[in-house]
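Asks: File name my_file_25.cif; file contents mmCIF, C-alpha atoms and all ligand atoms; full text below.
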data_coords
#
loop_
_atom_site.group_PDB
_atom_site.id
_atom_site.type_symbol
_atom_site.label_atom_id
_atom_site.label_comp_id
_atom_site.auth_asym_id
_atom_site.auth_seq_id
_atom_site.Cartn_x
_atom_site.Cartn_y
_atom_site.Cartn_z
ATOM 1 C CA MET A 1 -8.564 -39.536 5.934
ATOM 2 C CA GLU A 2 -9.602 -40.303 9.482
ATOM 3 C CA TYR A 3 -12.343 -38.239 11.127
ATOM 4 C CA ILE A 4 -12.183 -37.816 14.888
ATOM 5 C CA PRO A 5 -14.949 -36.738 17.275
ATOM 6 C CA ALA A 6 -14.817 -33.235 18.750
ATOM 7 C CA LYS A 7 -17.080 -31.263 21.063
ATOM 8 C CA THR A 8 -15.858 -27.816 20.169
ATOM 9 C CA ILE A 9 -13.376 -26.209 17.755
ATOM 10 C CA ILE A 10 -13.082 -22.558 18.743
ATOM 11 C CA SER A 11 -11.609 -22.508 22.225
ATOM 12 C CA GLY A 12 -10.426 -20.119 24.932
ATOM 13 C CA TYR A 13 -10.722 -16.405 25.282
ATOM 14 C CA ALA A 14 -7.831 -14.121 26.136
ATOM 15 C CA GLU A 15 -8.367 -10.384 26.312
ATOM 16 C CA ASN A 16 -4.768 -9.304 25.771
ATOM 17 C CA ASN A 17 -2.897 -12.275 24.426
ATOM 18 C CA ASN A 18 0.699 -11.342 23.770
ATOM 19 C CA TRP A 19 0.997 -13.919 20.972
ATOM 20 C CA PHE A 20 -0.111 -11.788 18.017
ATOM 21 C CA GLY A 21 -3.137 -10.574 19.967
ATOM 22 C CA ASN A 22 -5.127 -13.754 19.268
ATOM 23 C CA ASN A 23 -8.306 -13.899 21.354
ATOM 24 C CA TYR A 24 -9.509 -17.408 20.469
ATOM 25 C CA ASN A 25 -7.866 -20.538 19.130
ATOM 26 C CA MET A 26 -9.063 -22.811 16.317
ATOM 27 C CA ASN A 27 -7.748 -26.230 15.260
ATOM 28 C CA ILE A 28 -9.761 -28.022 12.600
ATOM 29 C CA TYR A 29 -7.068 -30.612 11.961
ATOM 30 C CA LYS A 30 -5.078 -32.796 14.319
ATOM 31 C CA GLY A 31 -1.550 -33.760 13.315
ATOM 32 C CA CYS A 32 0.443 -32.397 10.396
ATOM 33 C CA ASN A 33 2.264 -34.020 7.499
ATOM 34 C CA HIS A 34 4.588 -31.157 6.563
ATOM 35 C CA GLY A 35 7.316 -33.174 8.257
ATOM 36 C CA CYS A 36 9.381 -30.319 9.724
ATOM 37 C CA ILE A 37 12.321 -31.943 11.465
ATOM 38 C CA TYR A 38 12.115 -29.518 14.417
ATOM 39 C CA CYS A 39 8.342 -29.619 14.983
ATOM 40 C CA ASP A 40 7.534 -28.937 18.631
ATOM 41 C CA SER A 41 4.069 -30.467 18.368
ATOM 42 C CA ARG A 42 5.519 -33.981 18.399
ATOM 43 C CA SER A 43 6.789 -33.440 21.977
ATOM 44 C CA ASP A 44 5.572 -35.947 24.568
ATOM 45 C CA CYS A 45 3.715 -33.289 26.551
ATOM 46 C CA TYR A 46 1.083 -32.857 23.815
ATOM 47 C CA ARG A 47 0.339 -36.599 23.674
ATOM 48 C CA ILE A 48 -0.498 -36.660 19.966
ATOM 49 C CA ASP A 49 -0.088 -40.178 18.582
ATOM 50 C CA SER A 50 1.047 -40.568 14.957
ATOM 51 C CA PHE A 51 1.572 -36.828 14.671
ATOM 52 C CA ASP A 52 2.451 -37.093 10.945
ATOM 53 C CA GLU A 53 -1.020 -38.356 10.070
ATOM 54 C CA VAL A 54 -3.529 -35.597 9.495
ATOM 55 C CA ARG A 55 -6.950 -36.215 10.992
ATOM 56 C CA VAL A 56 -10.013 -34.015 10.700
ATOM 57 C CA LYS A 57 -12.439 -33.100 13.422
ATOM 58 C CA GLU A 58 -15.850 -34.503 12.585
ATOM 59 C CA ASN A 59 -18.587 -32.086 11.666
ATOM 60 C CA ALA A 60 -16.039 -29.255 11.879
ATOM 61 C CA LEU A 61 -17.946 -26.501 10.091
ATOM 62 C CA ASN A 62 -21.182 -27.111 12.008
ATOM 63 C CA LEU A 63 -19.229 -26.988 15.266
ATOM 64 C CA ILE A 64 -17.544 -23.733 14.262
ATOM 65 C CA TYR A 65 -20.908 -22.236 13.353
ATOM 66 C CA ARG A 66 -22.353 -23.257 16.712
ATOM 67 C CA ASP A 67 -19.240 -22.096 18.639
ATOM 68 C CA LEU A 68 -19.227 -18.645 17.046
ATOM 69 C CA LYS A 69 -22.959 -18.155 17.325
ATOM 70 C CA SER A 70 -22.686 -18.569 21.093
ATOM 71 C CA LYS A 71 -19.694 -16.231 21.608
ATOM 72 C CA ARG A 72 -20.585 -12.931 23.210
ATOM 73 C CA LYS A 73 -17.225 -11.277 22.689
ATOM 74 C CA LYS A 74 -15.897 -10.636 19.206
ATOM 75 C CA GLY A 75 -12.171 -10.984 18.642
ATOM 76 C CA VAL A 76 -9.390 -12.471 16.561
ATOM 77 C CA ILE A 77 -9.326 -16.231 16.061
ATOM 78 C CA GLY A 78 -5.838 -17.679 15.848
ATOM 79 C CA THR A 79 -5.230 -20.817 13.809
ATOM 80 C CA GLY A 80 -2.032 -22.705 13.041
ATOM 81 C CA ALA A 81 -0.743 -23.729 16.473
ATOM 82 C CA MET A 82 -0.275 -27.515 16.768
ATOM 83 C CA SER A 83 -1.333 -28.221 13.160
ATOM 84 C CA ASP A 84 -1.179 -26.407 9.837
ATOM 85 C CA PRO A 85 -4.593 -25.145 8.640
ATOM 86 C CA TYR A 86 -3.240 -25.320 5.073
ATOM 87 C CA ASN A 87 -1.880 -28.871 5.119
ATOM 88 C CA PRO A 88 -2.033 -30.599 1.696
ATOM 89 C CA PHE A 89 -5.506 -32.095 2.390
ATOM 90 C CA GLU A 90 -7.000 -28.625 2.764
ATOM 91 C CA GLU A 91 -6.758 -28.096 -0.985
ATOM 92 C CA GLN A 92 -9.561 -30.643 -1.531
ATOM 93 C CA LEU A 93 -11.403 -30.466 1.785
ATOM 94 C CA GLU A 94 -11.662 -26.647 1.966
ATOM 95 C CA LEU A 95 -12.441 -26.750 5.685
ATOM 96 C CA THR A 96 -10.218 -23.799 6.602
ATOM 97 C CA ARG A 97 -11.854 -21.917 3.748
ATOM 98 C CA GLY A 98 -15.297 -22.878 5.060
ATOM 99 C CA ALA A 99 -14.291 -21.755 8.556
ATOM 100 C CA LEU A 100 -13.182 -18.363 7.184
ATOM 101 C CA GLU A 101 -16.604 -17.927 5.584
ATOM 102 C CA ILE A 102 -18.302 -18.555 8.937
ATOM 103 C CA ILE A 103 -15.823 -16.262 10.708
ATOM 104 C CA ASN A 104 -16.747 -13.558 8.218
ATOM 105 C CA GLN A 105 -20.453 -14.189 8.698
ATOM 106 C CA PHE A 106 -20.203 -13.719 12.476
ATOM 107 C CA GLY A 107 -17.902 -10.680 12.370
ATOM 108 C CA PHE A 108 -14.696 -12.107 13.894
ATOM 109 C CA GLY A 109 -11.078 -11.453 12.903
ATOM 110 C CA ILE A 110 -8.486 -14.041 11.895
ATOM 111 C CA SER A 111 -4.794 -14.630 12.515
ATOM 112 C CA ILE A 112 -3.367 -17.481 10.420
ATOM 113 C CA ALA A 113 -0.008 -19.226 10.852
ATOM 114 C CA THR A 114 1.003 -21.570 8.058
ATOM 115 C CA LYS A 115 3.863 -22.920 6.048
ATOM 116 C CA SER A 116 1.855 -23.224 2.855
ATOM 117 C CA ASP A 117 1.243 -20.932 -0.098
ATOM 118 C CA LEU A 118 -2.294 -22.345 -0.218
ATOM 119 C CA ALA A 119 -3.298 -19.527 2.155
ATOM 120 C CA ALA A 120 -3.282 -17.191 -0.867
ATOM 121 C CA ARG A 121 -6.211 -19.173 -2.330
ATOM 122 C CA ASP A 122 -8.468 -17.583 0.299
ATOM 123 C CA ILE A 123 -7.600 -13.940 -0.358
ATOM 124 C CA ASP A 124 -11.189 -13.258 -1.456
ATOM 125 C CA ILE A 125 -12.621 -14.212 1.956
ATOM 126 C CA LEU A 126 -9.783 -12.561 3.893
ATOM 127 C CA GLN A 127 -10.613 -9.327 2.058
ATOM 128 C CA LYS A 128 -14.236 -9.644 3.169
ATOM 129 C CA ILE A 129 -13.199 -10.243 6.804
ATOM 130 C CA GLN A 130 -10.894 -7.260 6.887
ATOM 131 C CA LYS A 131 -13.779 -4.983 5.970
ATOM 132 C CA HIS A 132 -14.994 -5.465 9.574
ATOM 133 C CA SER A 133 -12.194 -7.135 11.585
ATOM 134 C CA PRO A 134 -8.399 -7.514 11.758
ATOM 135 C CA VAL A 135 -6.692 -10.032 9.461
ATOM 136 C CA LEU A 136 -3.133 -11.263 9.904
ATOM 137 C CA VAL A 137 -1.323 -13.909 7.847
ATOM 138 C CA LYS A 138 1.994 -15.228 9.136
ATOM 139 C CA ILE A 139 3.951 -17.528 6.861
ATOM 140 C CA THR A 140 6.891 -19.351 8.417
ATOM 141 C CA VAL A 141 10.219 -19.116 6.619
ATOM 142 C CA THR A 142 13.390 -20.426 8.252
ATOM 143 C CA SER A 143 15.690 -20.464 5.247
ATOM 144 C CA CYS A 144 16.011 -18.308 2.143
ATOM 145 C CA ASP A 145 17.414 -21.305 0.296
ATOM 146 C CA ASP A 146 14.868 -23.738 -1.205
ATOM 147 C CA GLY A 147 17.312 -26.663 -0.987
ATOM 148 C CA LEU A 148 17.772 -26.170 2.745
ATOM 149 C CA ALA A 149 14.033 -25.636 3.266
ATOM 150 C CA GLU A 150 13.384 -28.962 1.496
ATOM 151 C CA LYS A 151 15.639 -30.671 3.999
ATOM 152 C CA VAL A 152 14.236 -29.156 7.184
ATOM 153 C CA GLU A 153 10.564 -28.861 6.098
ATOM 154 C CA PRO A 154 10.388 -31.703 3.551
ATOM 155 C CA ASN A 155 6.660 -31.786 2.769
ATOM 156 C CA ALA A 156 5.901 -28.079 2.966
ATOM 157 C CA PRO A 157 6.042 -25.832 -0.119
ATOM 158 C CA VAL A 158 9.599 -24.477 -0.558
ATOM 159 C CA SER A 159 10.484 -21.000 0.689
ATOM 160 C CA SER A 160 10.212 -19.337 -2.750
ATOM 161 C CA ARG A 161 6.573 -20.464 -2.987
ATOM 162 C CA ARG A 162 5.916 -19.062 0.477
ATOM 163 C CA PHE A 163 7.459 -15.706 -0.508
ATOM 164 C CA ALA A 164 5.293 -15.711 -3.641
ATOM 165 C CA ALA A 165 2.230 -16.211 -1.427
ATOM 166 C CA ILE A 166 3.266 -13.246 0.737
ATOM 167 C CA LYS A 167 3.538 -11.167 -2.412
ATOM 168 C CA LYS A 168 0.018 -12.114 -3.495
ATOM 169 C CA LEU A 169 -1.480 -11.553 -0.046
ATOM 170 C CA SER A 170 0.290 -8.280 0.501
ATOM 171 C CA GLY A 171 -0.494 -7.111 -3.023
ATOM 172 C CA SER A 172 -4.166 -7.756 -2.270
ATOM 173 C CA GLY A 173 -4.062 -5.551 0.823
ATOM 174 C CA ILE A 174 -3.789 -8.351 3.398
ATOM 175 C CA PHE A 175 -1.461 -7.719 6.363
ATOM 176 C CA ALA A 176 1.046 -10.525 5.784
ATOM 177 C CA GLY A 177 4.529 -11.280 7.032
ATOM 178 C CA ILE A 178 6.962 -13.872 8.214
ATOM 179 C CA LEU A 179 7.464 -16.006 11.285
ATOM 180 C CA MET A 180 11.214 -16.529 11.111
ATOM 181 C CA MET A 181 11.404 -19.363 13.579
ATOM 182 C CA PRO A 182 13.096 -21.561 14.459
ATOM 183 C CA ILE A 183 16.484 -20.577 13.111
ATOM 184 C CA LEU A 184 18.348 -23.838 13.672
ATOM 185 C CA PRO A 185 21.737 -23.386 15.363
ATOM 186 C CA PHE A 186 24.695 -24.592 13.262
ATOM 187 C CA ILE A 187 22.378 -25.117 10.262
ATOM 188 C CA GLU A 188 20.438 -21.917 9.519
ATOM 189 C CA ASP A 189 22.117 -19.359 11.787
ATOM 190 C CA THR A 190 24.231 -17.590 9.200
ATOM 191 C CA GLU A 191 24.248 -13.887 8.446
ATOM 192 C CA GLU A 192 23.700 -14.765 4.804
ATOM 193 C CA ASN A 193 20.491 -16.649 5.628
ATOM 194 C CA ILE A 194 19.115 -13.909 7.887
ATOM 195 C CA THR A 195 19.858 -11.034 5.510
ATOM 196 C CA GLY A 196 18.558 -13.174 2.612
ATOM 197 C CA ILE A 197 15.212 -13.719 4.353
ATOM 198 C CA VAL A 198 14.851 -10.019 5.211
ATOM 199 C CA ARG A 199 15.696 -8.983 1.648
ATOM 200 C CA LEU A 200 13.184 -11.425 0.140
ATOM 201 C CA ALA A 201 10.598 -10.358 2.707
ATOM 202 C CA HIS A 202 11.069 -6.763 1.565
ATOM 203 C CA GLU A 203 10.963 -7.659 -2.139
ATOM 204 C CA ASN A 204 7.716 -9.584 -1.634
ATOM 205 C CA GLY A 205 5.908 -6.969 0.431
ATOM 206 C CA ALA A 206 6.059 -8.545 3.921
ATOM 207 C CA ARG A 207 4.924 -6.078 6.579
ATOM 208 C CA PHE A 208 6.705 -7.811 9.457
ATOM 209 C CA ILE A 209 9.129 -10.545 10.459
ATOM 210 C CA TYR A 210 8.925 -12.067 13.924
ATOM 211 C CA PRO A 211 12.164 -13.937 14.724
ATOM 212 C CA ALA A 212 13.640 -16.521 17.101
ATOM 213 C CA PHE A 213 17.347 -17.210 16.833
ATOM 214 C CA GLY A 214 17.313 -20.760 18.064
ATOM 215 C CA VAL A 215 15.049 -23.762 18.573
ATOM 216 C CA THR A 216 13.304 -25.384 21.529
ATOM 217 C CA LEU A 217 13.755 -29.108 22.110
ATOM 218 C CA ARG A 218 11.991 -31.400 24.551
ATOM 219 C CA MET A 219 11.157 -35.053 25.086
ATOM 220 C CA ASN A 220 10.385 -37.051 21.970
ATOM 221 C CA GLN A 221 10.860 -34.007 19.736
ATOM 222 C CA ARG A 222 14.602 -33.950 20.589
ATOM 223 C CA GLU A 223 15.068 -37.629 19.675
ATOM 224 C CA TRP A 224 13.265 -37.143 16.369
ATOM 225 C CA PHE A 225 15.229 -33.998 15.573
ATOM 226 C CA TYR A 226 18.569 -35.634 16.384
ATOM 227 C CA SER A 227 17.798 -38.665 14.229
ATOM 228 C CA LYS A 228 16.948 -36.348 11.331
ATOM 229 C CA ILE A 229 19.972 -34.051 11.606
ATOM 230 C CA ASP A 230 22.200 -37.089 11.900
ATOM 231 C CA GLU A 231 20.824 -38.235 8.553
ATOM 232 C CA LEU A 232 20.781 -34.820 6.826
ATOM 233 C CA PHE A 233 23.623 -32.806 8.365
ATOM 234 C CA PRO A 234 26.535 -35.039 9.410
ATOM 235 C CA LYS A 235 28.359 -34.064 12.633
ATOM 236 C CA LYS A 236 25.765 -31.425 13.655
ATOM 237 C CA LYS A 237 24.123 -33.642 16.270
ATOM 238 C CA GLU A 238 27.390 -33.778 18.193
ATOM 239 C CA LEU A 239 27.538 -29.973 18.176
ATOM 240 C CA TYR A 240 24.019 -29.775 19.618
ATOM 241 C CA ILE A 241 24.786 -32.278 22.367
ATOM 242 C CA LYS A 242 27.971 -30.460 23.320
ATOM 243 C CA GLU A 243 26.447 -26.966 23.246
ATOM 244 C CA PHE A 244 22.966 -27.576 24.662
ATOM 245 C CA GLY A 245 22.880 -30.868 26.591
ATOM 246 C CA ASP A 246 19.248 -31.376 27.657
ATOM 247 C CA SER A 247 18.311 -27.696 27.614
ATOM 248 C CA TYR A 248 14.855 -26.762 26.391
ATOM 249 C CA GLY A 249 15.935 -23.441 24.856
ATOM 250 C CA CYS A 250 18.754 -23.953 22.342
ATOM 251 C CA HIS A 251 19.872 -20.466 21.320
ATOM 252 C CA SER A 252 22.259 -19.955 18.467
ATOM 253 C CA PRO A 253 25.719 -19.089 19.800
ATOM 254 C CA LYS A 254 25.567 -16.284 17.223
ATOM 255 C CA ALA A 255 22.127 -15.021 18.328
ATOM 256 C CA LYS A 256 23.309 -11.617 19.566
ATOM 257 C CA GLN A 257 25.231 -10.797 16.425
ATOM 258 C CA LEU A 258 22.465 -12.109 14.142
ATOM 259 C CA LYS A 259 19.805 -10.161 16.019
ATOM 260 C CA ALA A 260 21.754 -6.936 15.559
ATOM 261 C CA VAL A 261 22.091 -7.533 11.808
ATOM 262 C CA PHE A 262 18.438 -8.557 11.570
ATOM 263 C CA LYS A 263 17.188 -5.396 13.289
ATOM 264 C CA GLU A 264 19.369 -3.170 11.170
ATOM 265 C CA GLU A 265 18.119 -4.773 7.956
ATOM 266 C CA CYS A 266 14.463 -4.596 9.071
ATOM 267 C CA ARG A 267 14.814 -0.904 9.968
ATOM 268 C CA ARG A 268 16.418 -0.242 6.603
ATOM 269 C CA TYR A 269 13.412 -1.719 4.796
ATOM 270 C CA GLY A 270 10.742 -0.479 7.228
ATOM 271 C CA ILE A 271 9.735 -4.014 8.255
ATOM 272 C CA LEU A 272 8.188 -4.406 11.738
ATOM 273 C CA TYR A 273 9.751 -6.968 14.070
ATOM 274 C CA LYS A 274 8.500 -6.198 17.598
ATOM 275 C CA MET A 275 5.391 -8.081 18.718
ATOM 276 C CA GLU A 276 3.623 -4.996 20.111
ATOM 277 C CA ASP A 277 4.214 -3.046 16.889
ATOM 278 C CA ILE A 278 2.870 -5.900 14.758
ATOM 279 C CA ILE A 279 -0.280 -6.255 16.894
ATOM 280 C CA THR A 280 -0.891 -2.506 16.906
ATOM 281 C CA ALA A 281 -0.412 -2.269 13.140
ATOM 282 C CA TYR A 282 -2.715 -5.105 12.045
ATOM 283 C CA LYS A 283 -5.475 -4.180 14.522
ATOM 284 C CA LYS A 284 -5.238 -0.458 13.813
ATOM 285 C CA GLY A 285 -8.557 1.165 13.145
ATOM 286 C CA TYR A 286 -10.783 -1.785 14.029
ATOM 287 C CA TYR A 287 -11.239 -1.457 17.749
ATOM 288 C CA ASP A 288 -11.094 2.360 17.633
ATOM 289 C CA ARG A 289 -13.976 2.151 15.192
ATOM 290 C CA GLN A 290 -15.939 -0.212 17.449
ATOM 291 C CA LEU A 291 -15.348 2.103 20.421
ATOM 292 C CA SER A 292 -16.549 5.117 18.474
ATOM 293 C CA LEU A 293 -19.723 3.205 17.510
ATOM 294 C CA LEU A 294 -20.319 2.541 21.209
HETATM 295 S S1 LIG B 301 4.020 -27.133 9.616
HETATM 296 FE FE1 LIG B 301 4.042 -26.732 11.824
HETATM 297 S S2 LIG B 301 2.756 -28.325 12.714
HETATM 298 FE FE2 LIG B 301 3.327 -29.001 10.655
HETATM 299 S S3 LIG B 301 5.142 -30.281 10.909
HETATM 300 FE FE3 LIG B 301 5.818 -28.174 10.461
HETATM 301 S S4 LIG B 301 6.130 -27.214 12.467
HETATM 302 FE FE4 LIG B 301 4.877 -29.058 12.807
#
Turn this file's structure into structure tokens for me.

Replies:
Amino acid sequence: MEYIPAKTIISGYAENNNWFGNNYNMNIYKGCNHGCIYCDSRSDCYRIDSFDEVRVKENALNLIYRDLKSKRKKGVIGTGAMSDPYNPFEEQLELTRGALEIINQFGFGISIATKSDLAARDIDILQKIQKHSPVLVKITVTSCDDGLAEKVEPNAPVSSRRFAAIKKLSGSGIFAGILMMPILPFIEDTEENITGIVRLAHENGARFIYPAFGVTLRMNQREWFYSKIDELFPKKKELYIKEFGDSYGCHSPKAKQLKAVFKEECRRYGILYKMEDIITAYKKGYYDRQLSLL
């Protein structure tokens, strides 16, 4: 494991961030070895060399302690953009777990995005955090079929393990749900897949599903993705080239129809799917309570 120097780990402050209401951002790791064939973080614009090798920021927990001690505004810390906080090394290193303990100590909230069931290991600390601040766990699921998930996200735990983690989190009172993105055109954009994910979400206690019926592709990422689908899904690359050319946003040709089915199924089960509803629901009570204390 390579350790890399870092000056700070908790960055930014946004008052009303429309991405799950995250106020700060935290990345303890750089790179990710889950191997998702569509991963946006390998795009040229992010300039991350050897993206598949996980590196750790040196002295991470001390930096987090120092960062949080100096923050004047409390808020929700988002983690899971650009790297997975529950990559396989986290099981031994326990750095995300250590960060959660510090986050709890300083009275911040947490919003996790991951593709691993390892997040359920930290239920005990998440329960402590939610006594004072909002907690949100988003687990990405793009296919209800484990075989397909193994192809598109080869080193991440299969979808059934992710659903089991949602069940544990939700059963322990943690606000947990699904990031259903990307749904790969011509590969995952079937009604059967979408209704299957919503049904399993319901059966496992997910509170929300946030969807995207397509994928984004840009320089470097596109080449990687095309080489992988050529290997795994014969003839699909040609469909992508014909339908999308060099477009950044590659929406499923069936997006409209799938969205309608998705919404109907979510309403049937009482699962939230609009960003504003999800933010309002997981933050409910916390900031009202702080205001009343003021
Ligand atoms: S888990 Fe996320 S960061 Fe890691 S390879 Fe997959 S999409 Fe990329």

Asks: Could you give me the residues within 6 Å of ligand LIG 301 (chain B), counting only C-alpha atoms and all ligand atoms, as a ChimeraX atom specification?

Replies: /A:32-36,39,41,82-84,115

Asks: Once the PyMOL selection byres (((chain A and resi 151) around 10) and not hetatm) has been evaluated on this model, what residues remain selected, and can you format them as a PyMOL selection string?

Replies: chain A and resi 35-37+146-150+152-155+158+228-229+232-233

Asks: Could you please determine the separation between atom CA of A:Asp145 and atom CA of A:Leu239 in Å, to one decimal place?

Replies: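 For atom CA of A:Asp145 relative to atom CA of A:Leu239, the distance reads 22.3 Å.
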
Asks: Quick one: residues within 12 Å of A:Ala119, all atoms listed in the file counted, chain neighbours fewer than 4 positions away excluded, as JSON, numbers by chain?

Replies: {"A": [79, 80, 84, 85, 86, 87, 88, 90, 91, 94, 96, 97, 100, 111, 112, 113, 114, 115, 123, 124, 125, 126, 136, 137, 138, 139, 140, 157, 161, 162, 163, 164, 165, 166, 167, 168, 169, 170, 174, 176]}

Asks: Counting all atoms listed in the file, what are the residues of stretch 158-199 of chain A within 10 Å of stretch 209-217 of chain A, and for each of them which pair of atoms is the nearest and at what distance in Å, to one decimal? Sort the table by chain and rising number, as JSON lines.

Replies:
{"residue": "A:Ala176", "atom": "CA", "partner": "A:Ile209", "partner_atom": "CA", "distance": 9.3}
{"residue": "A:Gly177", "atom": "CA", "partner": "A:Ile209", "partner_atom": "CA", "distance": 5.8}
{"residue": "A:Ile178", "atom": "CA", "partner": "A:Ile209", "partner_atom": "CA", "distance": 4.6}
{"residue": "A:Leu179", "atom": "CA", "partner": "A:Tyr210", "partner_atom": "CA", "distance": 5.0}
{"residue": "A:Met180", "atom": "CA", "partner": "A:Pro211", "partner_atom": "CA", "distance": 4.5}
{"residue": "A:Met181", "atom": "CA", "partner": "A:Ala212", "partner_atom": "CA", "distance": 5.0}
{"residue": "A:Pro182", "atom": "CA", "partner": "A:Val215", "partner_atom": "CA", "distance": 5.1}
{"residue": "A:Ile183", "atom": "CA", "partner": "A:Gly214", "partner_atom": "CA", "distance": 5.0}
{"residue": "A:Leu184", "atom": "CA", "partner": "A:Gly214", "partner_atom": "CA", "distance": 5.5}
{"residue": "A:Pro185", "atom": "CA", "partner": "A:Gly214", "partner_atom": "CA", "distance": 5.8}
{"residue": "A:Phe186", "atom": "CA", "partner": "A:Gly214", "partner_atom": "CA", "distance": 9.6}
{"residue": "A:Glu188", "atom": "CA", "partner": "A:Gly214", "partner_atom": "CA", "distance": 9.2}
{"residue": "A:Asp189", "atom": "CA", "partner": "A:Phe213", "partner_atom": "CA", "distance": 7.3}
{"residue": "A:Ile194", "atom": "CA", "partner": "A:Phe213", "partner_atom": "CA", "distance": 9.7}
{"residue": "A:Ile197", "atom": "CA", "partner": "A:Ile209", "partner_atom": "CA", "distance": 9.2}
{"residue": "A:Val198", "atom": "CA", "partner": "A:Ile209", "partner_atom": "CA", "distance": 7.8}

Asks: Grab the residues selected above and save them as a compact mmCIF listing (two decimals), in the frame of the given file with C-alpha atoms.

Replies:
# COMPACT_ATOMS: atom_id res chain seq x y z
CA ALA A 176 1.05 -10.52 5.78
CA GLY A 177 4.53 -11.28 7.03
CA ILE A 178 6.96 -13.87 8.21
CA LEU A 179 7.46 -16.01 11.28
CA MET A 180 11.21 -16.53 11.11
CA MET A 181 11.40 -19.36 13.58
CA PRO A 182 13.10 -21.56 14.46
CA ILE A 183 16.48 -20.58 13.11
CA LEU A 184 18.35 -23.84 13.67
CA PRO A 185 21.74 -23.39 15.36
CA PHE A 186 24.70 -24.59 13.26
CA GLU A 188 20.44 -21.92 9.52
CA ASP A 189 22.12 -19.36 11.79
CA ILE A 194 19.11 -13.91 7.89
CA ILE A 197 15.21 -13.72 4.35
CA VAL A 198 14.85 -10.02 5.21

Asks: Considering only C-alpha atoms, can you say which of A:Leu61, A:Val135, A:Val76, A:Ile187 comes closest to A:Asn16?

Replies: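 Ranked by minimum distance to A:Asn16, first place goes to A:Val76.
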
Asks: Can you pull out the residues contacting stretch 10-12 of chain A? Cut-off 12 Å, using all atoms listed in the file, and skip same-chain residues under 6 positions away; I want them as a VMD selection string.

Replies: chain A and resid 22 to 28 57 60 to 71 73 75 to 79 99 102 to 103 108 110

Asks: Using all atoms listed in the file, which protein or nucleic acid residues come within 9 Å of stretch 240-244 of chain A? Drop anything in the same chain fewer than 4 positions from it, and give the result as a list in words.

Replies: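 Using all atoms listed in the file, the neighbours found are Pro185, Phe186, Tyr226, Lys236, Tyr248, Gly249, Cys250, His251 and Pro253 of chain A.
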
Asks: In Å, rounded to a single decimal, give me how far atom CA of A:Lys256 is from atom CA of A:Glu203.

Replies: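 Going from atom CA of A:Glu203 over to atom CA of A:Lys256, I get 25.3 Å.
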
Asks: Around (-0.5, -36.6, 16.5), as given in the file, which residues come within 6 Å? Count only C-alpha atoms and list them as a ChimeraX atom specification.

Replies: /A:31,48-51
